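Heads up: the structure comes next, in structure tokens.
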Amino acid sequence: MDKKIYLITLTENVKYNDLVTTQTHKGVVIGDYRKACELQKKTLYDRLHYWMKMWGYNEEGCPLEEIFEVAKGLNKISAWTENGDEFWCYVEVVEEL
């Protein structure tokens, strides 16, 4: 039986002190697209919460939706702020066994 390998990749373009742009591979899921999408969402939202904490919003009890606009595509979830900070998290098939 062939099993697809799904790679979760997070890209951040953040204006914090100096510009921070990173692309990191955050996980691999084998054979389960639904679980890959769950990991994709968790990866992105964990990182958005991290930046909210860095920017001091968690102390104010500010909901994530007040800081970020979020849009879901076929294999991508995007988030951005009014200040131009951008985040993308992809699920992609990298190989078939």
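By order in the structure tokens, chains are A, B, ...; within a chain, residues start at 1; ligands start at 1, following the order shown.
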
Neighbouring residues of Thr81 (chain A) were defined as those with any atom within 9 Å, considering only C-alpha atoms; residues of the same chain fewer than 5 positions away were excluded. Please report them as a CSV table (one decimal) with all heavy atoms, in the first residue's frame.
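selection32.csv, written as the output of this step:
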chain,number,residue,atom,x,y,z
A,67,ILE,N,-6.0,40.6,16.3
A,67,ILE,CA,-4.6,40.9,15.8
A,67,ILE,C,-4.4,40.4,14.4
A,67,ILE,O,-3.8,41.1,13.6
A,67,ILE,CB,-3.6,40.3,16.7
A,67,ILE,CG1,-3.8,40.7,18.2
A,67,ILE,CG2,-2.2,40.7,16.3
A,67,ILE,CD1,-3.9,42.1,18.4
A,68,PHE,N,-4.9,39.2,14.1
A,68,PHE,CA,-4.6,38.5,12.8
A,68,PHE,C,-5.8,38.3,12.0
A,68,PHE,O,-6.9,38.0,12.5
A,68,PHE,CB,-4.0,37.1,13.1
A,68,PHE,CG,-2.7,37.2,13.8
A,68,PHE,CD1,-2.7,37.0,15.2
A,68,PHE,CD2,-1.5,37.5,13.2
A,68,PHE,CE1,-1.5,37.0,15.9
A,68,PHE,CE2,-0.3,37.5,13.9
A,68,PHE,CZ,-0.3,37.3,15.2
A,69,GLU,N,-5.7,38.5,10.7
A,69,GLU,CA,-6.7,38.0,9.7
A,69,GLU,C,-6.2,36.7,9.3
A,69,GLU,O,-5.0,36.5,9.0
A,69,GLU,CB,-6.7,39.0,8.5
A,69,GLU,CG,-7.2,40.3,8.8
A,69,GLU,CD,-8.7,40.4,9.0
A,69,GLU,OE1,-9.5,39.5,8.5
A,69,GLU,OE2,-9.1,41.2,9.8
A,86,GLU,N,3.4,38.7,8.1
A,86,GLU,CA,2.7,37.6,7.3
A,86,GLU,C,3.2,36.3,7.8
A,86,GLU,O,4.4,36.1,8.1
A,86,GLU,CB,3.0,37.8,5.9
A,86,GLU,CG,2.5,39.2,5.3
A,86,GLU,CD,3.0,39.4,3.9
A,86,GLU,OE1,4.2,39.3,3.6
A,86,GLU,OE2,2.1,39.6,3.0

ask   = Where in region 2-85 of chain A does DSSP assign strand (DSSP E or B), given as a PyMOL selection string?
value = chain A and resi 4-16+18-30+69-72+76-80

request  = Run DSSP on the backbone and give me the residues of chain A it puts in helix (DSSP H, G or I), as a PyMOL selection string.
outcome  = chain A and resi 33-54+58-60+64-67

Using only C-alpha atoms, which residues of region 3-22 of chain A come within 12 Å of region 26-40 of chain A, and what is the closest atom pair for each, with the distance in Å to one decimal? Give it as a Markdown table, sorted by chain and residue number.
| residue | atom | partner | partner_atom | distance |
| --- | --- | --- | --- | --- |
| A:Lys3 | CA | A:Gly31 | CA | 4.7 |
| A:Lys4 | CA | A:Gly31 | CA | 5.0 |
| A:Ile5 | CA | A:Ile30 | CA | 4.6 |
| A:Tyr6 | CA | A:Val29 | CA | 5.1 |
| A:Leu7 | CA | A:Val28 | CA | 4.7 |
| A:Ile8 | CA | A:Gly27 | CA | 5.2 |
| A:Thr9 | CA | A:Lys26 | CA | 5.7 |
| A:Leu10 | CA | A:Lys26 | CA | 6.7 |
| A:Thr11 | CA | A:Lys26 | CA | 10.1 |
| A:Thr22 | CA | A:Lys26 | CA | 11.8 |

Export of prior selection with C-alpha atoms as a CSV table (one decimal), in the first residue's frame:
chain,number,residue,atom,x,y,z
A,3,LYS,CA,1.4,6.1,1.7
A,4,LYS,CA,1.9,9.7,1.1
A,5,ILE,CA,4.3,11.8,3.2
A,6,TYR,CA,3.0,15.2,4.1
A,7,LEU,CA,5.4,17.9,5.1
A,8,ILE,CA,4.3,20.9,7.2
A,9,THR,CA,6.2,24.1,6.5
A,10,LEU,CA,5.8,27.4,8.3
A,11,THR,CA,7.0,30.7,6.8
A,22,THR,CA,12.1,32.3,8.5

inquiry  = Restricting the calculation to only C-alpha atoms: of A:Leu48, A:Asn58, A:Asn83, A:Glu12, which residue gets closest to His25 (chain A)?
reply    = A:Glu12

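Atom pair CA of Trp55 (chain A) / CA of Val91 (chain A): separated by 27.4 Å.
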